[in-house]
file coords-v2.csv (CSV, C-alpha atoms)
chain,number,residue,atom,x,y,z
A,1,MET,CA,8.0,26.2,-3.2
A,2,THR,CA,10.0,23.0,-2.7
A,3,GLY,CA,9.6,20.2,-0.3
A,4,GLU,CA,12.4,21.7,1.7
A,5,ASP,CA,10.2,24.6,2.7
A,6,LEU,CA,7.9,22.2,4.4
A,7,ALA,CA,10.6,20.2,6.2
A,8,LEU,CA,9.4,19.8,9.7
A,9,SER,CA,11.2,18.4,12.7
A,10,GLY,CA,12.1,15.0,11.4
A,11,LEU,CA,10.1,12.2,12.8
A,12,ASP,CA,8.3,14.1,15.4
A,13,LEU,CA,5.0,14.5,13.6
A,14,PRO,CA,4.5,10.9,12.6
A,15,ARG,CA,5.2,9.8,16.1
A,16,ARG,CA,2.9,12.3,17.6
A,17,ASN,CA,0.3,11.4,15.1
A,18,GLY,CA,0.2,7.8,15.7
A,19,GLU,CA,1.6,4.7,17.0
A,20,ILE,CA,4.6,2.7,16.0
A,21,VAL,CA,4.1,1.2,12.6
A,22,PHE,CA,5.4,-2.3,13.4
A,23,GLU,CA,5.3,-3.9,16.8
A,24,ALA,CA,7.9,-6.6,16.1
A,25,PRO,CA,10.5,-7.3,13.4
A,26,TRP,CA,8.6,-10.3,12.0
A,27,GLN,CA,5.7,-7.9,11.1
A,28,SER,CA,7.9,-5.6,9.1
A,29,THR,CA,9.5,-8.6,7.5
A,30,VAL,CA,6.2,-10.2,6.4
A,31,PHE,CA,5.0,-6.8,5.2
A,32,ALA,CA,8.1,-6.4,3.0
A,33,LEU,CA,7.9,-10.0,1.8
A,34,ALA,CA,4.4,-9.4,0.5
A,35,SER,CA,5.7,-6.3,-1.2
A,36,ALA,CA,8.5,-8.3,-2.8
A,37,VAL,CA,6.1,-10.9,-4.1
A,38,VAL,CA,3.8,-8.3,-5.6
A,39,GLU,CA,6.6,-6.4,-7.2
A,40,ASN,CA,8.9,-9.3,-8.3
A,41,ALA,CA,6.5,-12.2,-8.9
A,42,LEU,CA,3.1,-10.7,-9.8
A,43,GLY,CA,4.2,-7.8,-12.0
A,44,GLY,CA,2.9,-5.2,-9.5
A,45,ASP,CA,-0.6,-6.6,-9.3
A,46,ARG,CA,-1.8,-6.4,-5.7
A,47,GLU,CA,-5.2,-7.9,-6.3
A,48,PRO,CA,-4.3,-11.6,-5.7
A,49,PHE,CA,-2.7,-10.7,-2.4
A,50,ARG,CA,-5.6,-8.4,-1.4
A,51,GLN,CA,-8.1,-11.2,-2.2
A,52,GLN,CA,-6.2,-13.6,0.0
A,53,LEU,CA,-6.0,-11.1,2.8
A,54,ILE,CA,-9.7,-10.5,2.6
A,55,ALA,CA,-10.3,-14.3,2.8
A,56,ALA,CA,-7.8,-14.7,5.6
A,57,ILE,CA,-9.4,-12.0,7.7
A,58,ALA,CA,-12.9,-13.4,7.0
A,59,ALA,CA,-11.8,-16.9,7.9
A,60,ASP,CA,-10.7,-15.9,11.3
A,61,PRO,CA,-11.8,-12.3,12.2
A,62,ALA,CA,-10.3,-12.5,15.7
A,63,ARG,CA,-6.9,-13.4,14.6
A,64,PRO,CA,-4.3,-10.7,14.9
A,65,TYR,CA,-3.9,-8.6,11.7
A,66,TRP,CA,-0.3,-9.5,10.8
A,67,GLU,CA,-1.0,-13.2,11.4
A,68,SER,CA,-3.8,-13.0,8.8
A,69,TRP,CA,-1.4,-11.1,6.6
A,70,THR,CA,1.1,-14.1,7.0
A,71,ALA,CA,-1.6,-16.6,6.1
A,72,ALA,CA,-2.5,-14.6,3.0
A,73,LEU,CA,1.0,-14.4,1.9
A,74,GLU,CA,1.4,-18.2,2.4
A,75,ALA,CA,-1.6,-18.8,0.2
A,76,VAL,CA,-0.3,-16.5,-2.5
A,77,VAL,CA,3.1,-18.1,-2.5
A,78,ARG,CA,1.5,-21.6,-2.7
A,79,ALA,CA,-0.2,-20.5,-5.9
A,80,LEU,CA,3.0,-19.1,-7.5
B,1,MET,CA,22.9,-11.8,10.6
B,2,SER,CA,20.6,-12.0,13.6
B,3,ASP,CA,22.8,-14.4,15.5
B,4,ALA,CA,24.2,-11.6,17.7
B,5,HIS,CA,20.6,-10.8,18.8
B,6,HIS,CA,19.6,-14.4,19.5
B,7,HIS,CA,18.7,-14.4,23.2
B,8,THR,CA,16.7,-17.1,24.8
B,9,ALA,CA,13.4,-15.5,24.0
B,10,PRO,CA,11.1,-18.1,22.5
B,11,VAL,CA,10.3,-17.9,18.9
B,12,SER,CA,6.5,-17.8,18.2
B,13,PRO,CA,4.9,-20.1,15.6
B,14,VAL,CA,4.1,-17.1,13.3
B,15,GLU,CA,7.7,-15.9,13.5
B,16,ARG,CA,8.8,-19.3,12.3
B,17,ARG,CA,6.4,-19.2,9.4
B,18,VAL,CA,7.6,-15.8,8.4
B,19,GLU,CA,11.2,-17.0,8.5
B,20,ALA,CA,10.2,-20.0,6.3
B,21,LEU,CA,8.5,-17.6,3.8
B,22,LYS,CA,11.6,-15.4,3.8
B,23,ASP,CA,13.9,-18.3,3.2
B,24,LEU,CA,11.7,-19.7,0.4
B,25,LEU,CA,11.3,-16.4,-1.4
B,26,THR,CA,14.9,-15.5,-1.0
B,27,GLU,CA,15.8,-18.9,-2.5
B,28,ARG,CA,13.6,-18.1,-5.5
B,29,GLY,CA,15.4,-14.8,-6.0
B,30,LEU,CA,12.4,-12.7,-5.2
B,31,VAL,CA,13.9,-10.8,-2.3
B,32,PRO,CA,16.9,-8.7,-3.3
B,33,GLU,CA,19.7,-8.1,-0.8
B,34,GLY,CA,18.6,-5.4,1.6
B,35,TYR,CA,15.1,-5.2,0.3
B,36,ILE,CA,13.3,-5.9,3.6
B,37,GLU,CA,15.4,-3.4,5.5
B,38,GLU,CA,14.8,-0.7,2.8
B,39,VAL,CA,11.0,-1.3,2.8
B,40,THR,CA,10.9,-1.2,6.6
B,41,ARG,CA,12.9,2.0,6.7
B,42,ARG,CA,10.8,3.7,4.2
B,43,TYR,CA,7.5,2.9,6.0
B,44,GLU,CA,8.9,3.7,9.4
B,45,SER,CA,10.5,7.0,8.7
B,46,GLU,CA,9.6,8.4,5.3
B,47,ILE,CA,6.1,7.5,4.3
B,48,GLY,CA,3.7,8.6,7.0
B,49,PRO,CA,1.0,11.0,7.9
B,50,LEU,CA,3.4,14.0,7.4
B,51,ASN,CA,2.9,13.6,3.6
B,52,GLY,CA,-0.8,13.9,4.0
B,53,ALA,CA,-0.4,16.8,6.4
B,54,LYS,CA,1.6,18.7,3.7
B,55,VAL,CA,-1.2,18.1,1.2
B,56,VAL,CA,-3.8,19.4,3.6
B,57,ALA,CA,-1.8,22.5,4.5
B,58,ARG,CA,-1.2,23.3,0.8
B,59,ALA,CA,-4.9,23.0,0.1
B,60,TRP,CA,-5.7,25.3,3.0
B,61,ILE,CA,-3.5,28.2,1.7
B,62,ASP,CA,-3.9,27.7,-2.0
B,63,PRO,CA,-7.5,27.7,-3.3
B,64,ALA,CA,-6.4,26.8,-6.9
B,65,TYR,CA,-4.5,23.8,-5.5
B,66,ARG,CA,-7.4,22.8,-3.4
B,67,GLN,CA,-9.7,22.8,-6.4
B,68,ARG,CA,-7.3,20.7,-8.4
B,69,LEU,CA,-6.9,18.3,-5.5
B,70,LEU,CA,-10.6,17.8,-5.1
B,71,GLN,CA,-11.1,17.3,-8.8
B,72,ASP,CA,-8.2,14.8,-9.1
B,73,GLY,CA,-6.7,13.6,-5.9
B,74,THR,CA,-4.0,11.4,-7.5
B,75,ALA,CA,-2.7,14.3,-9.6
B,76,GLY,CA,-3.0,16.9,-6.8
B,77,ILE,CA,-1.1,14.7,-4.4
B,78,GLY,CA,1.4,13.9,-7.2
B,79,GLU,CA,2.1,17.6,-7.5
B,80,LEU,CA,3.8,17.5,-4.1
B,81,GLY,CA,5.8,14.4,-5.1
B,82,PHE,CA,3.7,11.7,-3.3
B,83,GLY,CA,2.2,8.7,-4.9
B,84,GLY,CA,4.2,6.0,-6.7
B,85,ALA,CA,3.8,2.3,-6.7
B,86,GLU,CA,1.2,2.1,-4.0
B,87,GLY,CA,-0.7,5.1,-5.3
B,88,HIS,CA,-3.8,3.5,-6.6
B,89,HIS,CA,-6.5,6.1,-7.3
B,90,LEU,CA,-6.6,8.7,-4.6
B,91,VAL,CA,-9.7,10.7,-3.9
B,92,VAL,CA,-9.8,13.6,-1.5
B,93,VAL,CA,-13.1,14.3,0.3
B,94,GLU,CA,-13.6,17.7,1.9
B,95,ASN,CA,-15.1,18.3,5.3
B,96,THR,CA,-17.4,21.3,5.6
B,97,ASP,CA,-19.8,22.6,8.2
B,98,ALA,CA,-22.5,20.5,6.5
B,99,VAL,CA,-20.6,17.3,5.8
B,100,HIS,CA,-18.1,15.2,7.7
B,101,ASN,CA,-16.2,12.4,5.9
B,102,VAL,CA,-14.6,9.3,7.4
B,103,ILE,CA,-12.8,6.5,5.7
B,104,VAL,CA,-12.9,2.8,6.4
B,105,CYS,CA,-12.0,-0.5,4.6
B,106,THR,CA,-14.7,-3.0,5.4
B,107,LEU,CA,-13.1,-6.0,3.8
B,108,CYS,CA,-9.4,-5.7,4.8
B,109,SER,CA,-7.2,-2.7,5.4
B,110,CYS,CA,-7.0,-0.6,2.2
B,111,TYR,CA,-5.6,2.8,3.2
B,112,PRO,CA,-4.0,5.8,1.4
B,113,TRP,CA,-0.4,4.6,2.1
B,114,PRO,CA,1.4,7.3,0.1
B,115,VAL,CA,0.0,10.0,2.2
B,116,LEU,CA,-0.7,8.4,5.6
B,117,GLY,CA,1.8,5.5,5.8
B,118,LEU,CA,0.5,2.3,7.3
B,119,PRO,CA,-2.8,2.2,9.1
B,120,PRO,CA,-3.1,2.3,12.8
B,121,SER,CA,-4.1,-1.0,14.4
B,122,TRP,CA,-7.7,0.0,15.2
B,123,TYR,CA,-8.3,0.7,11.5
B,124,LYS,CA,-7.5,-2.9,10.8
B,125,ASP,CA,-9.7,-4.3,13.7
B,126,PRO,CA,-13.1,-5.9,12.9
B,127,PRO,CA,-15.1,-3.6,15.2
B,128,TYR,CA,-14.0,-0.4,13.5
B,129,ARG,CA,-14.4,-2.0,10.0
B,130,ALA,CA,-17.9,-3.3,10.7
B,131,ARG,CA,-19.3,-0.6,13.0
B,132,MET,CA,-18.1,2.5,11.2
B,133,VAL,CA,-20.4,1.6,8.3
B,134,ARG,CA,-23.4,0.7,10.5
B,135,GLU,CA,-23.3,3.4,13.1
B,136,PRO,CA,-20.7,6.0,12.2
B,137,ARG,CA,-21.9,8.7,14.5
B,138,VAL,CA,-21.7,6.4,17.5
B,139,VAL,CA,-18.2,5.1,16.7
B,140,LEU,CA,-17.0,8.7,16.0
B,141,SER,CA,-18.4,9.8,19.4
B,142,GLU,CA,-16.7,6.9,21.1
B,143,MET,CA,-13.4,8.0,19.5
B,144,GLY,CA,-13.9,11.5,20.9
B,145,CYS,CA,-15.3,13.1,17.7
B,146,ASP,CA,-18.7,14.6,18.5
B,147,LEU,CA,-20.4,16.2,15.6
B,148,PRO,CA,-23.4,18.5,15.5
B,149,ALA,CA,-26.6,16.6,14.7
B,150,SER,CA,-27.0,18.8,11.7
B,151,THR,CA,-23.8,17.5,10.1
B,152,GLU,CA,-24.1,14.8,7.6
B,153,VAL,CA,-21.7,11.9,8.0
B,154,ARG,CA,-20.4,10.3,4.9
B,155,VAL,CA,-18.5,7.0,5.2
B,156,TRP,CA,-16.2,6.1,2.3
B,157,ASP,CA,-15.3,2.4,1.9
B,158,SER,CA,-11.8,2.0,0.5
B,159,SER,CA,-11.1,-0.6,-2.2
B,160,ALA,CA,-8.3,-1.9,-4.3
B,161,GLU,CA,-9.0,0.7,-6.9
B,162,VAL,CA,-9.9,3.8,-4.8
B,163,ARG,CA,-8.3,5.1,-1.6
B,164,TYR,CA,-9.7,8.1,0.2
B,165,LEU,CA,-8.1,11.0,2.1
B,166,VAL,CA,-10.1,13.4,4.2
B,167,LEU,CA,-9.4,17.1,3.9
B,168,PRO,CA,-10.2,18.4,7.4
B,169,GLN,CA,-11.5,21.9,8.0
B,170,ARG,CA,-8.9,24.5,8.8
B,171,PRO,CA,-9.1,25.4,12.5
B,172,ALA,CA,-10.2,28.9,13.4
B,173,GLY,CA,-7.5,31.4,14.5
B,174,THR,CA,-4.8,30.1,12.2
B,175,ASP,CA,-4.8,32.9,9.7
B,176,GLY,CA,-1.2,34.0,10.5
B,177,LEU,CA,0.4,30.6,10.3
B,178,SER,CA,2.9,29.5,7.6
B,179,GLU,CA,2.3,26.4,5.5
B,180,ALA,CA,4.7,24.4,7.6
B,181,GLU,CA,3.1,25.5,10.8
B,182,LEU,CA,-0.3,24.6,9.4
B,183,ALA,CA,1.0,21.1,8.4
B,184,ALA,CA,2.1,20.6,12.0
B,185,LEU,CA,-1.5,21.0,13.1
B,186,VAL,CA,-2.8,18.2,10.9
B,187,THR,CA,-3.2,14.9,12.7
B,188,ARG,CA,-3.4,11.5,11.1
B,189,ASP,CA,-6.8,10.9,12.7
B,190,SER,CA,-8.2,14.1,11.1
B,191,MET,CA,-7.2,12.8,7.7
B,192,ILE,CA,-8.9,9.4,8.4
B,193,GLY,CA,-11.9,11.4,9.6
B,194,VAL,CA,-12.2,10.2,13.1
B,195,ALA,CA,-11.1,13.6,14.5
B,196,THR,CA,-11.6,17.2,13.8
B,197,LEU,CA,-9.0,19.9,14.3
call {"tool": "encode", "arguments": {"input": "coords-v2.csv", "output": "C-alpha cells"}}
result
Amino acid sequence: MTGEDLALSGLDLPRRNGEIVFEAPWQSTVFALASAVVENALGGDREPFRQQLIAAIAADPARPYWESWTAALEAVVRAL
Amino acid sequence: MSDAHHHTAPVSPVERRVEALKDLLTERGLVPEGYIEEVTRRYESEIGPLNGAKVVARAWIDPAYRQRLLQDGTAGIGELGFGGAEGHHLVVVENTDAVHNVIVCTLCSCYPWPVLGLPPSWYKDPPYRARMVREPRVVLSEMGCDLPASTEVRVWDSSAEVRYLVLPQRPAGTDGLSEAELAALVTRDSMIGVATL
C-alpha cells in the first residue's frame, strides 16, 4: 500500500483537527529562522535553542509563546 | 518584497525584533533564498496531524504493524515515510480500557512534530504544562475527556530526546471502514491524549 491510498481530502483534516498553525507572518518567520540557525549554524543540534526556550519561558511564563521563542532565538544568535 | 502589503498597520516591537533577526541571519548567509516560505508551507500544509492519523489507522487494521510500532515508534512511523530531521526518538503509547495516556512538555513545547505538526496554543500554555502533571484527571475532564475512575491515567513528559504519540482506542462500530476512512476519524487531540474517539 502506498501513501496515495491514504490520500484524504487535502487540508480538510488538519483544519478540522486543530487551529491555524501560525497566527501572524512574524510567527512563521521566527519559527523558520530558528530552524535555519539549528540547521545551518549549529549542525542540526537543537539542544542550545531548546535550553534557551526553556529559560525564556521560565523567565516570563505569562509572555506569549512566540515572543518567548523570539527571545530564545536572540539569545542563541548572540552566542553564535 | 512586502512593500505591496505595507498598509498603515502599526508594526509591533516583536515584529521589529524578528525583522532584525531575519536581516542579521540573512546577512550571515544562514537563511537561503526562499527558506522561510518553504518551512512555513511545509508546516502549514504538509506536516500535520494527518500523518499521525495515518499511523493510527494502520495500527488499527494491521496487528503486526501495531506491534512493531509499539516496540519501536521511530521505525514504525518511518515505515509510513514520516520522521526526518525533527524526528528525535518517537515512542507510541497505547490506550486500552485499563490505561489512558496523555502527553505534555512541562519545560517548553516538545511535541511529535513529524506526526502531529506544530502544537496547538494550549499545549504551549503554562496552565496545561503545569496542571496536566499535577492533576491530569481534572484537566482532562475540563477538556471534555471524562474517564472511568477505574482507568489509570499515565502522563508522559516529552523531552529533547523522546517525543510521545498516543495510539487511541479504535471506536466501536468501525469494523467495515477502510484504512483511509479510519484515518479520517482520528483527531489531533486523541493523539495528544486529551480526547477519546
call {"tool": "closest_atom_pairs", "arguments": {"input": "coords-v2.csv", "of": "chain B", "to": "chain A", "cutoff": "6 Å", "atoms": "all atoms listed in the file", "output": "tab-separated table"}}
result
residue	atom	partner	partner_atom	distance
B:Glu15	CA	A:Trp26	CA	5.9
B:Leu30	CA	A:Asn40	CA	5.8
B:Val31	CA	A:Ala36	CA	6.0
B:Ile36	CA	A:Ala32	CA	5.3
B:Val39	CA	A:Ala32	CA	5.9
B:Thr40	CA	A:Ser28	CA	5.9
B:Pro49	CA	A:Pro14	CA	5.9
B:Leu107	CA	A:Ile54	CA	5.8
B:Cys108	CA	A:Ile54	CA	5.3
B:Ala180	CA	A:Leu6	CA	5.0
B:Thr187	CA	A:Asn17	CA	5.5
B:Arg188	CA	A:Asn17	CA	5.4
call {"tool": "atom_distance", "arguments": {"input": "coords-v2.csv", "atom1": "atom CA of Arg131 of chain B", "atom2": "atom CA of Val104 of chain B"}}
result
9.8 Å
call {"tool": "residues_around", "arguments": {"input": "coords-v2.csv", "residues": "Thr74 of chain B", "least_positions_apart": "5", "cutoff": "9 Å", "atoms": "only C-alpha atoms", "output": "number ranges by chain"}}
result
B: 69, 79, 82-83, 87-92
call {"tool": "residues_around", "arguments": {"input": "coords-v2.csv", "residues": "Met191 of chain B", "least_positions_apart": "2", "cutoff": "9 Å", "atoms": "all atoms listed in the file", "output": "compact mmCIF listing (two decimals) with C-alpha atoms, in the coordinates of the input"}}
result
# COMPACT_ATOMS: atom_id res chain seq x y z
CA PRO B 49 1.00 11.00 7.90
CA GLY B 52 -0.80 13.90 4.00
CA ALA B 53 -0.40 16.80 6.40
CA VAL B 56 -3.80 19.40 3.60
CA VAL B 102 -14.60 9.30 7.40
CA ILE B 103 -12.80 6.50 5.70
CA LEU B 116 -0.70 8.40 5.60
CA LEU B 165 -8.10 11.00 2.10
CA VAL B 166 -10.10 13.40 4.20
CA LEU B 167 -9.40 17.10 3.90
CA PRO B 168 -10.20 18.40 7.40
CA VAL B 186 -2.80 18.20 10.90
CA THR B 187 -3.20 14.90 12.70
CA ARG B 188 -3.40 11.50 11.10
CA ASP B 189 -6.80 10.90 12.70
CA GLY B 193 -11.90 11.40 9.60
CA VAL B 194 -12.20 10.20 13.10
CA ALA B 195 -11.10 13.60 14.50
CA THR B 196 -11.60 17.20 13.80
call {"tool": "atom_distance", "arguments": {"input": "coords-v2.csv", "atom1": "atom CA of Gly48 of chain B", "atom2": "atom CA of Leu118 of chain B"}}
result
7.1 Å
call {"tool": "atom_distance", "arguments": {"input": "coords-v2.csv", "atom1": "atom CA of Leu70 of chain B", "atom2": "atom CA of Ser121 of chain B"}}
result
27.9 Å
call {"tool": "closest_residue", "arguments": {"input": "coords-v2.csv", "among": "B:Met132, B:Ala57, B:Ile47, B:Leu147", "to": "Leu185 of chain B", "atoms": "only C-alpha atoms"}}
result
B:Ala57
call {"tool": "residues_around", "arguments": {"input": "coords-v2.csv", "residues": "Leu80 of chain A", "least_positions_apart": "4", "cutoff": "9 Å", "atoms": "all atoms listed in the file", "output": "JSON, numbers by chain"}}
result
{"A": [41, 42, 75, 76]}
